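> Quick one: the structure is below, and I'll ask about it shortly.
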Amino acid sequence: MRNIFLSLLFFLISLGLSLAYEPGQQKDGGRQAEQTLKLGGKVYRESCMACHGEKGDGKGQAASTLKTKPRDFTSGVYKFRSTPTGSLPLDQDIVRTISRGVRGTSMLPQLHLSQQETWAVGQYLKTFSPRFSEQRAKQPVSIPPRPKDRNLVRMGERLYREAGCGSCHGPDGKGNGRADQELKDHWGFPIEPTNLTLKPFKSGHDPQDLYRTINTGLDGTPMPSYADALSPKEQWSLVLYILSIATHERPRGMMGLVGEETRGMMIDMRAAMAGMMGGRGMMGRGMMHRNMGEMMRDMMGR
Ligand code: HEC
Ligand code: HEC
């Protein structure tokens, strides 16, 4: 029991820190950047390389065993952004994905990392793609407050049909709109439209998370941005409609893990054991991160 509380405390602290952290004004910019990348490279080799590959091309040792492939960072194309479609992500977006993970995939929240390590490895990822030295991320999209209108769900249901969501996600949102045709992502891998009736979603379950996805799209996937096609109110109506049909839970395995999360934990634990000689113990990895997040969410009533 005591262990659980200690773990919870650790989880809360690391979550709080990794979300709050942003390096202050740099006095000795060049040297500090160099040190950040050095730390980032170390973290990357210990915690990311098994999946994302030595060169950041997504071809790590474990990649062939995974259905949802680890990201190829050399392309500089990011799914999970607060910036408009086609833009680079903000640093904060990368940090958020690292600390929150991508639900249902082997990409678990990397909560064993300190705030500084999380930031550093995020900076390190950017060195894999020349896009980050050539372009700047655009301003994040604004997410307006949810309109007060009791008819929004019905409006969303109508728009879901009219805007063509069903052509991919299926008439009832069950992800079966393209059963006759295989969709591919930017990296050439098969990808399926999400079954929108099942929780949890990849990039979070807050209404704001869904709004962001619909507004910005998921770059590198067939999921388009609706920022220009739909008004903010219309986008909100779709969010509320999706929440109204997302009434089922995806099947859960060991410790409440979903989809390929179990596989991710095995890979993480293997990497941690290999790294034990190098100092960092196993606790804090694998065992810790996913189930603690789950427990917290369950305790807080989701
Ligand atoms: C067990 C395998 C695995 C490990 C270890 C892993 N990842 Fe991932 N990662 C994935 C997979 C799979 C995806 C793709 C998820 C998707 O596309 O839905 C992903 C996606 C990402 C993304 C999302 C990029 C985007 O498109 O927005 C980031 C950022 C990321 N990983 C960073 C990291 C970092 C940093 C580490 C190490 C601290 C790490 N990952 C460790 C499997 C892994
Ligand atoms: C051309 C096909 C296509 C169309 C049209 C489309 N989607 Fe998608 N959508 C996808 C695919 C494919 C994914 C899965 C991306 C992934 O798994 O990385 C997705 C993902 C999503 C997600 C993210 C779920 C998660 O796990 O976070 C939401 C929400 C979503 N779509 C809503 C919509 C809505 C609402 C519309 C209509 C306004 C729509 N989609 C239209 C293909 C499409």
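Starting from 1 in every chain, residues are counted up; chains themselves are A, B, ... following the order of the structure tokens, and ligands are numbered from 1 as listed.
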Mind listing the strand (DSSP E) residues of segment 5-192 of chain A, per DSSP on the backbone, as a list in words?

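For segment 5-192 of chain A, the strand (DSSP E) set is Leu183, Lys184, Pro190 and Ile191 of chain A.
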
> If the limit is 6 Å from any atom of ligand 1, counting only C-alpha atoms and all ligand atoms, which residues qualify? Return them as a PyMOL selection string.

chain A and resi 44+47-48+50-51+68-71+78-80+94+97-98+102+105-107+110+121-122+264+267-268

> Write the residues you've just listed into a file as a PDB file, in the first residue's frame, and include N, CA and C atoms for each of them.


```pdb
ATOM      1  N   TYR A  44      18.099   9.573 -25.252  1.00  0.00           N
ATOM      2  CA  TYR A  44      17.575   8.943 -26.470  1.00  0.00           C
ATOM      3  C   TYR A  44      18.102   7.516 -26.609  1.00  0.00           C
ATOM      4  N   SER A  47      16.448   5.332 -23.793  1.00  0.00           N
ATOM      5  CA  SER A  47      14.994   5.166 -23.658  1.00  0.00           C
ATOM      6  C   SER A  47      14.207   5.178 -24.959  1.00  0.00           C
ATOM      7  N   CYS A  48      14.773   5.567 -26.053  1.00  0.00           N
ATOM      8  CA  CYS A  48      13.985   5.750 -27.276  1.00  0.00           C
ATOM      9  C   CYS A  48      14.495   4.909 -28.446  1.00  0.00           C
ATOM     10  N   ALA A  50      15.508   1.899 -28.970  1.00  0.00           N
ATOM     11  CA  ALA A  50      15.026   0.543 -29.247  1.00  0.00           C
ATOM     12  C   ALA A  50      13.875   0.578 -30.251  1.00  0.00           C
ATOM     13  N   CYS A  51      13.084   1.632 -30.210  1.00  0.00           N
ATOM     14  CA  CYS A  51      11.967   1.750 -31.151  1.00  0.00           C
ATOM     15  C   CYS A  51      12.274   2.726 -32.288  1.00  0.00           C
ATOM     16  N   THR A  68       1.610  -0.318 -35.067  1.00  0.00           N
ATOM     17  CA  THR A  68       1.776   1.130 -35.235  1.00  0.00           C
ATOM     18  C   THR A  68       3.265   1.428 -35.118  1.00  0.00           C
ATOM     19  N   LYS A  69       3.856   1.847 -36.220  1.00  0.00           N
ATOM     20  CA  LYS A  69       5.314   1.981 -36.263  1.00  0.00           C
ATOM     21  C   LYS A  69       5.788   3.218 -35.502  1.00  0.00           C
ATOM     22  N   PRO A  70       6.952   3.096 -34.851  1.00  0.00           N
ATOM     23  CA  PRO A  70       7.549   4.267 -34.178  1.00  0.00           C
ATOM     24  C   PRO A  70       7.821   5.372 -35.196  1.00  0.00           C
ATOM     25  N   ARG A  71       7.705   6.608 -34.757  1.00  0.00           N
ATOM     26  CA  ARG A  71       7.876   7.730 -35.685  1.00  0.00           C
ATOM     27  C   ARG A  71       9.282   7.787 -36.275  1.00  0.00           C
ATOM     28  N   TYR A  78       5.078  15.829 -37.841  1.00  0.00           N
ATOM     29  CA  TYR A  78       4.575  15.463 -36.518  1.00  0.00           C
ATOM     30  C   TYR A  78       3.054  15.421 -36.503  1.00  0.00           C
ATOM     31  N   LYS A  79       2.526  14.337 -35.946  1.00  0.00           N
ATOM     32  CA  LYS A  79       1.064  14.200 -35.844  1.00  0.00           C
ATOM     33  C   LYS A  79       0.481  15.120 -34.786  1.00  0.00           C
ATOM     34  N   PHE A  80       1.117  15.141 -33.623  1.00  0.00           N
ATOM     35  CA  PHE A  80       0.481  15.743 -32.444  1.00  0.00           C
ATOM     36  C   PHE A  80       1.026  17.135 -32.184  1.00  0.00           C
ATOM     37  N   ILE A  94       6.061  18.510 -28.429  1.00  0.00           N
ATOM     38  CA  ILE A  94       6.928  17.329 -28.375  1.00  0.00           C
ATOM     39  C   ILE A  94       7.043  16.853 -26.925  1.00  0.00           C
ATOM     40  N   THR A  97       3.874  15.055 -25.816  1.00  0.00           N
ATOM     41  CA  THR A  97       3.755  13.672 -26.297  1.00  0.00           C
ATOM     42  C   THR A  97       4.694  12.752 -25.525  1.00  0.00           C
ATOM     43  N   ILE A  98       5.895  13.227 -25.245  1.00  0.00           N
ATOM     44  CA  ILE A  98       6.851  12.379 -24.523  1.00  0.00           C
ATOM     45  C   ILE A  98       6.320  12.069 -23.129  1.00  0.00           C
ATOM     46  N   VAL A 102       1.282   8.039 -26.336  1.00  0.00           N
ATOM     47  CA  VAL A 102       0.218   7.973 -27.337  1.00  0.00           C
ATOM     48  C   VAL A 102      -0.616   6.733 -27.011  1.00  0.00           C
ATOM     49  N   THR A 105      -0.835   2.742 -28.253  1.00  0.00           N
ATOM     50  CA  THR A 105       0.373   2.369 -28.994  1.00  0.00           C
ATOM     51  C   THR A 105       1.485   2.037 -27.989  1.00  0.00           C
ATOM     52  N   SER A 106       2.606   1.572 -28.512  1.00  0.00           N
ATOM     53  CA  SER A 106       3.727   1.211 -27.637  1.00  0.00           C
ATOM     54  C   SER A 106       4.434   2.444 -27.073  1.00  0.00           C
ATOM     55  N   MET A 107       4.033   3.626 -27.534  1.00  0.00           N
ATOM     56  CA  MET A 107       4.641   4.872 -27.054  1.00  0.00           C
ATOM     57  C   MET A 107       4.045   5.232 -25.700  1.00  0.00           C
ATOM     58  N   GLN A 110       6.743   8.728 -20.820  1.00  0.00           N
ATOM     59  CA  GLN A 110       8.125   8.494 -20.373  1.00  0.00           C
ATOM     60  C   GLN A 110       8.340   9.181 -19.024  1.00  0.00           C
ATOM     61  N   VAL A 121      15.673  15.572 -24.449  1.00  0.00           N
ATOM     62  CA  VAL A 121      15.495  14.574 -25.502  1.00  0.00           C
ATOM     63  C   VAL A 121      14.581  15.134 -26.603  1.00  0.00           C
ATOM     64  N   GLY A 122      13.655  16.007 -26.210  1.00  0.00           N
ATOM     65  CA  GLY A 122      12.821  16.688 -27.220  1.00  0.00           C
ATOM     66  C   GLY A 122      13.673  17.540 -28.152  1.00  0.00           C
ATOM     67  N   GLY A 264       4.823  -2.239 -25.615  1.00  0.00           N
ATOM     68  CA  GLY A 264       5.710  -1.113 -25.317  1.00  0.00           C
ATOM     69  C   GLY A 264       6.378  -1.293 -23.964  1.00  0.00           C
ATOM     70  N   ILE A 267       9.156  -3.837 -24.183  1.00  0.00           N
ATOM     71  CA  ILE A 267      10.333  -3.282 -24.871  1.00  0.00           C
ATOM     72  C   ILE A 267      11.078  -2.327 -23.934  1.00  0.00           C
ATOM     73  N   ASP A 268      10.312  -1.475 -23.237  1.00  0.00           N
ATOM     74  CA  ASP A 268      10.921  -0.527 -22.296  1.00  0.00           C
ATOM     75  C   ASP A 268      11.676  -1.255 -21.191  1.00  0.00           C
TER      76      ASP A 268
END
```

> Output the neighbourhood of ligand 2 as number ranges by chain, that is, all protein and nucleic acid residues with some atom at most 7 Å from the ligand, counting only C-alpha atoms and all ligand atoms.

A: 160, 163-169, 191-194, 196, 201-204, 210, 213-214, 218, 221-224, 226, 238-239

> I need the residues of segment 147-265 of chain A that end up classed as helix (DSSP H, G or I) by DSSP on the backbone, written out as a PyMOL selection string.

chain A and resi 152-162+166-169+207-216+232-245+254-256+261-265

> What lies within 9 Å of segment 87-91 of chain A using only C-alpha atoms, ignoring chain neighbours under 6 positions off, as a PDB file with N, CA and C atoms, in the first residue's frame?


```
ATOM      1  N   GLY A  76      10.577  15.099 -40.072  1.00  0.00           N
ATOM      2  CA  GLY A  76      10.126  16.365 -39.480  1.00  0.00           C
ATOM      3  C   GLY A  76       8.616  16.546 -39.540  1.00  0.00           C
ATOM      4  N   VAL A  77       7.881  15.462 -39.837  1.00  0.00           N
ATOM      5  CA  VAL A  77       6.410  15.535 -39.861  1.00  0.00           C
ATOM      6  C   VAL A  77       5.879  15.002 -38.532  1.00  0.00           C
ATOM      7  N   TYR A  78       5.078  15.829 -37.841  1.00  0.00           N
ATOM      8  CA  TYR A  78       4.575  15.463 -36.518  1.00  0.00           C
ATOM      9  C   TYR A  78       3.054  15.421 -36.503  1.00  0.00           C
ATOM     10  N   LYS A  79       2.526  14.337 -35.946  1.00  0.00           N
ATOM     11  CA  LYS A  79       1.064  14.200 -35.844  1.00  0.00           C
ATOM     12  C   LYS A  79       0.481  15.120 -34.786  1.00  0.00           C
ATOM     13  N   PHE A  80       1.117  15.141 -33.623  1.00  0.00           N
ATOM     14  CA  PHE A  80       0.481  15.743 -32.444  1.00  0.00           C
ATOM     15  C   PHE A  80       1.026  17.135 -32.184  1.00  0.00           C
ATOM     16  N   ARG A  81       0.270  18.107 -32.689  1.00  0.00           N
ATOM     17  CA  ARG A  81       0.722  19.497 -32.637  1.00  0.00           C
ATOM     18  C   ARG A  81      -0.392  20.411 -32.146  1.00  0.00           C
ATOM     19  N   TRP A 119      12.879  17.537 -21.637  1.00  0.00           N
ATOM     20  CA  TRP A 119      13.131  18.697 -22.489  1.00  0.00           C
ATOM     21  C   TRP A 119      14.320  18.420 -23.420  1.00  0.00           C
ATOM     22  N   GLY A 122      13.655  16.007 -26.210  1.00  0.00           N
ATOM     23  CA  GLY A 122      12.821  16.688 -27.220  1.00  0.00           C
ATOM     24  C   GLY A 122      13.673  17.540 -28.152  1.00  0.00           C
ATOM     25  N   GLN A 123      14.629  18.264 -27.579  1.00  0.00           N
ATOM     26  CA  GLN A 123      15.536  19.067 -28.402  1.00  0.00           C
ATOM     27  C   GLN A 123      16.383  18.166 -29.303  1.00  0.00           C
ATOM     28  N   ARG A 131      14.384  20.182 -41.191  1.00  0.00           N
ATOM     29  CA  ARG A 131      13.254  21.140 -41.181  1.00  0.00           C
ATOM     30  C   ARG A 131      13.348  22.127 -40.031  1.00  0.00           C
ATOM     31  N   PHE A 132      13.864  21.646 -38.879  1.00  0.00           N
ATOM     32  CA  PHE A 132      13.866  22.507 -37.694  1.00  0.00           C
ATOM     33  C   PHE A 132      14.887  23.642 -37.788  1.00  0.00           C
ATOM     34  N   GLN A 135      12.935  26.055 -40.863  1.00  0.00           N
ATOM     35  CA  GLN A 135      11.623  26.688 -40.668  1.00  0.00           C
ATOM     36  C   GLN A 135      11.372  26.960 -39.195  1.00  0.00           C
ATOM     37  N   ARG A 136      10.367  27.793 -38.960  1.00  0.00           N
ATOM     38  CA  ARG A 136       9.927  28.009 -37.587  1.00  0.00           C
ATOM     39  C   ARG A 136       8.498  27.496 -37.447  1.00  0.00           C
ATOM     40  N   ALA A 137       8.174  27.013 -36.249  1.00  0.00           N
ATOM     41  CA  ALA A 137       6.800  26.570 -35.995  1.00  0.00           C
ATOM     42  C   ALA A 137       5.867  27.776 -36.053  1.00  0.00           C
ATOM     43  N   LYS A 138       4.670  27.577 -36.606  1.00  0.00           N
ATOM     44  CA  LYS A 138       3.694  28.667 -36.619  1.00  0.00           C
ATOM     45  C   LYS A 138       3.070  28.833 -35.232  1.00  0.00           C
ATOM     46  N   GLN A 139       2.344  29.929 -35.070  1.00  0.00           N
ATOM     47  CA  GLN A 139       1.612  30.172 -33.815  1.00  0.00           C
ATOM     48  C   GLN A 139       0.617  29.032 -33.569  1.00  0.00           C
ATOM     49  N   PRO A 140       0.439  28.640 -32.312  1.00  0.00           N
ATOM     50  CA  PRO A 140      -0.553  27.588 -32.040  1.00  0.00           C
ATOM     51  C   PRO A 140      -1.972  28.057 -32.397  1.00  0.00           C
ATOM     52  N   ASP A 219      -0.951  15.460 -39.067  1.00  0.00           N
ATOM     53  CA  ASP A 219      -0.052  15.482 -40.226  1.00  0.00           C
ATOM     54  C   ASP A 219       0.629  14.120 -40.397  1.00  0.00           C
TER      55      ASP A 219
END
```

> Find the distance between atom CA of Tyr124 of chain A and atom CA of Ala33 of chain A and write it in Å to one decimal.

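Atom CA of Tyr124 of chain A sits 10.0 Å away from atom CA of Ala33 of chain A.
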
> Nearest to Lys199 of chain A among A:His186, A:Arg250, A:Arg31, A:Arg45, with distances taken over only C-alpha atoms: which residue is it?

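Ranking A:His186, A:Arg250, A:Arg31, A:Arg45 by distance to Lys199 of chain A, first place goes to A:Arg250.
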
> Have a look at A:Asp206, A:Glu46, A:Glu249, A:Glu234 and name the one nearest to His112 of chain A; count only C-alpha atoms.

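Nearest candidate to His112 of chain A out of A:Asp206, A:Glu46, A:Glu249, A:Glu234: A:Glu46.
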
> Which one of A:Pro145, A:Gly40, A:Gly177, A:Gly86 sits closest to Lys126 of chain A if you count only C-alpha atoms?

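Ranked by minimum distance to Lys126 of chain A, first place goes to A:Gly40.
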
> When you draw a straight line from atom CA of Arg96 of chain A to atom CA of Leu39 of chain A, how long is it in Å?

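Spanning atom CA of Arg96 of chain A to atom CA of Leu39 of chain A is a straight-line distance of 18.5 Å.
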
> One decimal, Å: what's the distance from atom CA of Lys148 of chain A over to atom CA of Glu162 of chain A, could you say?

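Pair atom CA of Lys148 of chain A / atom CA of Glu162 of chain A returns 22.3 Å.
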
> So, with only C-alpha atoms as the atoms that count, which of A:Ala227, A:Ala63, A:Leu198, A:Met266 lies closest to His248 of chain A?

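With only C-alpha atoms as the atom set, the closest residue is A:Leu198.
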
> Would you please work out which residue, of A:Pro144, A:Gly58, A:Gly156, A:Gly175, is nearest to Arg212 of chain A when using only C-alpha atoms?

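Once distances to Arg212 of chain A are computed over only C-alpha atoms, the minimum belongs to A:Pro144.
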